[in-house]
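Colleague: What follows is a structure written as structure tokens; I'll ask about it next.
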Amino acid sequence: MESSEEEDDFPTHEWITPQSKINSIYQSNAEKGIRKLCCELLDLKDAVENLCGNMHTKYQAFLRISEEVGEMEHELIELQKHVSAQGILVQDLMTGVCRELEEWNQDNSESLQAEEDSQGNEHQDLLVNEVDYHKMIFLENVDVLLAEHRVDEALDALEAEERNSPELNGSGDASSTYKSAFIKRKVILEDQLIEIAEQPSLRVKELKSALCGLLKLGKGSSAHQLLLKAYGSRLNKSVEGFLPSCSIYPETFSVTLSKLVFSTILLTAKESGLLFGDNPVYTNKIVQWAECELESFVRLVKENSPPSEMVSALRAVSICVQASLSHCSLLESKDLKLSKLLTVLLHPYVEEVLELNFRRARRMVLDITENDKTFSLSPRFVSPLSSVAVSSSDSELLDSGMKFMYIVNDIVEQLTPAAIDQYGGNILNRISQLFDKYVDALMKSLPSPSEDDNLIEHKEVLTFRAETDAQQLALLGTAFTVADELLPMAVSKIWTGKSEGKDPGSGSSENIVSTSSSSIDFKEWRRHLQHSLDKLRDHFCLQYVLNFIYAREDRIRLDARIYVKMQGEDLWETYPLPSLPFQSLFSKFQQLATVAGDVLLGKEKIQKILLSRLTETVVMWLSDEQDFWDVFKDETHPLQPLGLQQLILDMHFIVEIAVFGGYPSRHVHQIASAIIARAIKAFSDRGIDPQSELPPDEWFVNTAKTALNKLILGTSSASEVSDIDEHIIIHDEIISDSDDTASCPSSIASSSDSFASANMGESESPTFLSDSES
């Protein structure tokens, strides 16, 4: 204002610019911009707030509209279905109307022509039109029921129409249009019933209703197939839900699985009987379906069981056999005999489990002398073994017997009565084969003169060697105890079919295990064990005799040259005695009998049979040893009658040893007589006349008895014989001889007592192993 006043008071000049003009021109642009920007920001803020409010309102409206659209879409779908159904009805109606119009026109023309002939025909045409109208109305009603899936009402309507209409029940024209339309409706109804029955979540009542509808339509085969399919599907669902829990209890899961399978089969058979009756066609289909389910059951058992080589797998398969065969018996009332089929299906898997378990057992038996203390046995098994091995300082024998019995008992304890009934004979055969392996392992522990330096590696494998007489006798006693007492006790469960049964050896030997797969006679099974024990006994006797023969030196070695070198000694004139090898042999037998009395205490018959077999082995070796007889044929060695006398006296002496010991001497006497005859012939071939040089037979018998008494009483020169050297001398040329003669003892086993039957009753002693003189 002041500027304006100054302008008024003072005149301006052109060259003077007023202050107000200067301020208006040069005012700060920044201030103006900031003011303008603030105004615009305020306007923008108001616009944003308005926009947010509008968006929230519109979003709620959008959600509401979306919900309405969803509902409208659902209603539209329902309306579309309804329109489609109505369209079908309209289409069928149009088709029917057109067809009826054509028929009506045709009938009308015919009626007009007939009207000229007769007035009565007009009335008949009216009746026909009424019937056609009734058919049209019926078909329309059925179409409505089918469109609305009211299957029960549609079925009743079709049944009533077919029953009341002559045209449909077979008395009318089979090619009529109405009948074709009627059949078409039945096919549609059948498809709807099948669709209903195939629904997985269908209840049993609804399933039965659908199947009954199919039966009313005459579709029994389809209905039965749907029944099997429905119950099979339910069984699969139950099994699939159960399988994940199989690993929790792998040994017993088969019980639950068997219950699921067989209960479904039983329920299916019952429902089939109720719906379809006893029709053989449907019964056969049930059997075929059940067979398929059994195959799946066996496959599932195998897939979910423990590995076949484990003992738990044997337990699992035994429980499976027990449970499944028990459930099979429940199906017998429905004429479903599936036991034989189930046994056939299970047989390969059971065989696999048995084979792998016994293969594992054989591996353990081959390592029988390993120090494994993890096993434990009942005192009823340990006590008999301890009584045998207590006389030996080595505990390996006791451990070997205990371990073998633990292996057998562990297998037997896994078996159930049904598994025993089906596979008991098979298992017993395998146990006897396992005992053979045990005997083989024990035989390897016995010393043999064939063990030369080339078998060092084999020696190093064995952790136990039965070197002393006590150890070897304890080994034989252990094997006998296992076979005669413990094995029958362990397998008594198989004989009696119970968890605990009496020892089969104490009762009748005529018990027979009746199994579906195999059977075995008790006497035959025991005879197999006896054969294995006899093999062990014969091996011991042969190796014992060979060790004795080839471990001697000089004059006490059993060699044919001792009979060639004899030159009329003074000893024969006063005290005729057997040769030193036979005196030493008698002393050896006496020592062995003393040790046997301590180790095999209470088993006197075993001792007799063992020593008898040793005596037989000596004469058998002399009879079969060709090198022994070749000496007499060698003309470089002069023969003297005294040598023949000494040989004959030695043979009588060996017979007297058998008689003195109370052993069966018949076979020893036969072989000794054969040796004497062969020796006489050998000397006769060299020019010596036995008739003139030999004393009578009575002299040899009396002299042998006298010599035996002197040796027993210690009054003869037998005391001059040095103590028996336990060191075994191995000769290269002897190895082949021992191999050739190894089978000799077993070759004449038919004429001696069985080692295994020593403590058995007469009914348990095999007749072909008995001795007439025993």
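Each chain in the structure tokens gets a letter, A, B and so on, in the order shown; residues start at 1 in every chain, and ligands are counted from 1 in the order they appear.
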Among stretch 528-632 of chain A, which residues does DSSP mark as helix (DSSP H, G or I) when it is run on the backbone? Keep the chain and numbering as in the structure and answer as a ChimeraX atom specification.
Modeller: /A:528-550,554-556,561-564,570-574,580-599,604-624,626-632
Colleague: List as an mmCIF file with C-alpha atoms, in the first residue's frame the protein and nucleic acid residues near A:Phe276, meaning an atom at most 12 Å away when only C-alpha atoms are counted, but skip any in the same chain fewer than 6 places from it.
Modeller:
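Printed below is part.cif as written:
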data_model
loop_
_atom_site.group_PDB
_atom_site.id
_atom_site.type_symbol
_atom_site.label_atom_id
_atom_site.label_comp_id
_atom_site.auth_asym_id
_atom_site.auth_seq_id
_atom_site.Cartn_x
_atom_site.Cartn_y
_atom_site.Cartn_z
ATOM 1 C CA LYS A 208 -28.644 -106.920 -2.500
ATOM 2 C CA LEU A 211 -28.729 -107.800 -7.489
ATOM 3 C CA CYS A 212 -32.287 -108.937 -6.838
ATOM 4 C CA LEU A 214 -31.028 -108.060 -11.989
ATOM 5 C CA LEU A 215 -32.274 -111.504 -11.041
ATOM 6 C CA LYS A 216 -35.848 -110.403 -11.744
ATOM 7 C CA GLY A 218 -33.229 -112.618 -15.804
ATOM 8 C CA LYS A 219 -29.605 -111.467 -15.555
ATOM 9 C CA GLY A 220 -28.417 -113.942 -12.910
ATOM 10 C CA SER A 221 -24.924 -114.388 -14.376
ATOM 11 C CA SER A 222 -24.262 -110.628 -14.340
ATOM 12 C CA ALA A 223 -25.668 -110.358 -10.824
ATOM 13 C CA HIS A 224 -23.409 -113.126 -9.529
ATOM 14 C CA GLN A 225 -20.368 -111.596 -11.192
ATOM 15 C CA LEU A 227 -21.546 -110.005 -6.196
ATOM 16 C CA THR A 268 -19.689 -114.437 -0.126
ATOM 17 C CA ALA A 269 -20.689 -118.102 -0.214
ATOM 18 C CA LYS A 270 -23.540 -117.440 2.225
ATOM 19 C CA TYR A 282 -22.799 -120.371 -9.292
ATOM 20 C CA THR A 283 -21.151 -122.732 -6.792
ATOM 21 C CA LYS A 285 -17.889 -119.709 -9.827
ATOM 22 C CA ILE A 286 -17.573 -119.217 -6.064
#
Colleague: Can you tell me which residues surround stretch 97-100 of chain A at a distance of at most 8 Å, considering only C-alpha atoms, apart from same-chain residues fewer than 4 positions away, and format the answer as number ranges by chain?
Modeller: A: 93, 104, 132
Colleague: Between atom CA of A:Gln591 and atom CA of A:Thr478, what is the spacing in Å?
Modeller: 20.4 Å
Colleague: For A:Phe683, which residue out of A:Gln645, A:Asn141, A:Gln414, A:Ser492 is the nearest one, using only C-alpha atoms?
Modeller: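 Going through A:Gln645, A:Asn141, A:Gln414, A:Ser492 one by one, the smallest distance to A:Phe683 is for A:Gln645.
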Colleague: Choose the residue, out of A:Val659, A:Ile549, A:Ala290, A:Leu694, that has the smallest atom-to-atom separation from A:Ile676; count only C-alpha atoms.
Modeller: A:Leu694
Colleague: I'd like to know which of A:Arg359, A:His347, A:Lys437, A:His637 is closest to A:Tyr423, using only C-alpha atoms.
Modeller: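 Looking at the shortest contact to A:Tyr423, the residue is A:His347.
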Colleague: Could you pull the residues within 10 Å of A:Leu266, counting only C-alpha atoms, minus those fewer than 3 positions along the same chain, as a PyMOL selection string?
Modeller: chain A and resi 261-263+269-272+286+290+327-328+330-334+336
Colleague: Just to be explicit: take each residue in the selection above, keep C-alpha atoms, and write the result as a PDB file, in the first residue's frame.
Modeller:
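What follows is the written file again-v4.pdb:
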ATOM      1  CA  VAL A 261      -9.665-113.703   3.434  1.00  0.00           C
ATOM      2  CA  PHE A 262     -11.583-116.736   4.650  1.00  0.00           C
ATOM      3  CA  SER A 263     -14.309-114.756   6.399  1.00  0.00           C
ATOM      4  CA  ALA A 269     -20.689-118.102  -0.214  1.00  0.00           C
ATOM      5  CA  LYS A 270     -23.540-117.440   2.225  1.00  0.00           C
ATOM      6  CA  GLU A 271     -24.856-114.478   0.248  1.00  0.00           C
ATOM      7  CA  SER A 272     -24.570-116.420  -2.975  1.00  0.00           C
ATOM      8  CA  ILE A 286     -17.573-119.217  -6.064  1.00  0.00           C
ATOM      9  CA  ALA A 290     -12.018-118.386  -3.870  1.00  0.00           C
ATOM     10  CA  HIS A 327     -10.398-121.517   8.585  1.00  0.00           C
ATOM     11  CA  CYS A 328     -10.693-123.950   5.685  1.00  0.00           C
ATOM     12  CA  LEU A 330     -15.207-123.743   8.512  1.00  0.00           C
ATOM     13  CA  LEU A 331     -15.898-123.619   4.786  1.00  0.00           C
ATOM     14  CA  GLU A 332     -16.635-127.335   4.600  1.00  0.00           C
ATOM     15  CA  SER A 333     -20.251-126.655   5.611  1.00  0.00           C
ATOM     16  CA  LYS A 334     -20.639-124.584   2.438  1.00  0.00           C
ATOM     17  CA  LEU A 336     -16.078-125.288  -0.258  1.00  0.00           C
TER      18      LEU A 336
END
Colleague: So which one's closest to A:Pro664, A:Val631, A:Ile609, A:Thr706, A:Pro417? Using only C-alpha atoms, please.
Modeller: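 When distances to A:Pro664 are compared using only C-alpha atoms, the smallest one comes from A:Ile609.
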Colleague: Could you list, as a list in words, every residue within 9 Å of A:Phe589, counting only C-alpha atoms and ignoring same-chain residues fewer than 6 positions away?
Modeller: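 Everything that qualifies: Leu611, Leu614 and Thr615 of chain A.
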Colleague: Write a file of the selected residues as a PDB file, in the first residue's frame, keeping all heavy atoms.
Modeller:
ATOM      1  N   LEU A 611      33.641-152.976  21.311  1.00  0.00           N
ATOM      2  CA  LEU A 611      34.826-153.830  21.365  1.00  0.00           C
ATOM      3  C   LEU A 611      34.690-155.028  20.428  1.00  0.00           C
ATOM      4  O   LEU A 611      35.670-155.492  19.853  1.00  0.00           O
ATOM      5  CB  LEU A 611      35.050-154.302  22.802  1.00  0.00           C
ATOM      6  CG  LEU A 611      35.417-153.169  23.788  1.00  0.00           C
ATOM      7  CD1 LEU A 611      35.444-153.689  25.213  1.00  0.00           C
ATOM      8  CD2 LEU A 611      36.758-152.553  23.421  1.00  0.00           C
ATOM      9  N   LEU A 614      35.577-153.763  17.080  1.00  0.00           N
ATOM     10  CA  LEU A 614      37.033-153.612  16.972  1.00  0.00           C
ATOM     11  C   LEU A 614      37.690-154.949  16.659  1.00  0.00           C
ATOM     12  O   LEU A 614      38.606-155.043  15.830  1.00  0.00           O
ATOM     13  CB  LEU A 614      37.595-153.028  18.265  1.00  0.00           C
ATOM     14  CG  LEU A 614      37.419-151.522  18.471  1.00  0.00           C
ATOM     15  CD1 LEU A 614      37.801-151.138  19.882  1.00  0.00           C
ATOM     16  CD2 LEU A 614      38.250-150.742  17.459  1.00  0.00           C
ATOM     17  N   THR A 615      37.219-156.007  17.343  1.00  0.00           N
ATOM     18  CA  THR A 615      37.770-157.338  17.091  1.00  0.00           C
ATOM     19  C   THR A 615      37.497-157.781  15.656  1.00  0.00           C
ATOM     20  O   THR A 615      38.377-158.315  14.975  1.00  0.00           O
ATOM     21  CB  THR A 615      37.162-158.348  18.077  1.00  0.00           C
ATOM     22  OG1 THR A 615      37.302-157.872  19.417  1.00  0.00           O
ATOM     23  CG2 THR A 615      37.851-159.695  17.966  1.00  0.00           C
TER      24      THR A 615
END
Colleague: Just to confirm, what's the straight-line distance from atom CA of A:Gly661 to atom CA of A:Asp440 in Å (one decimal)?
Modeller: 29.5 Å
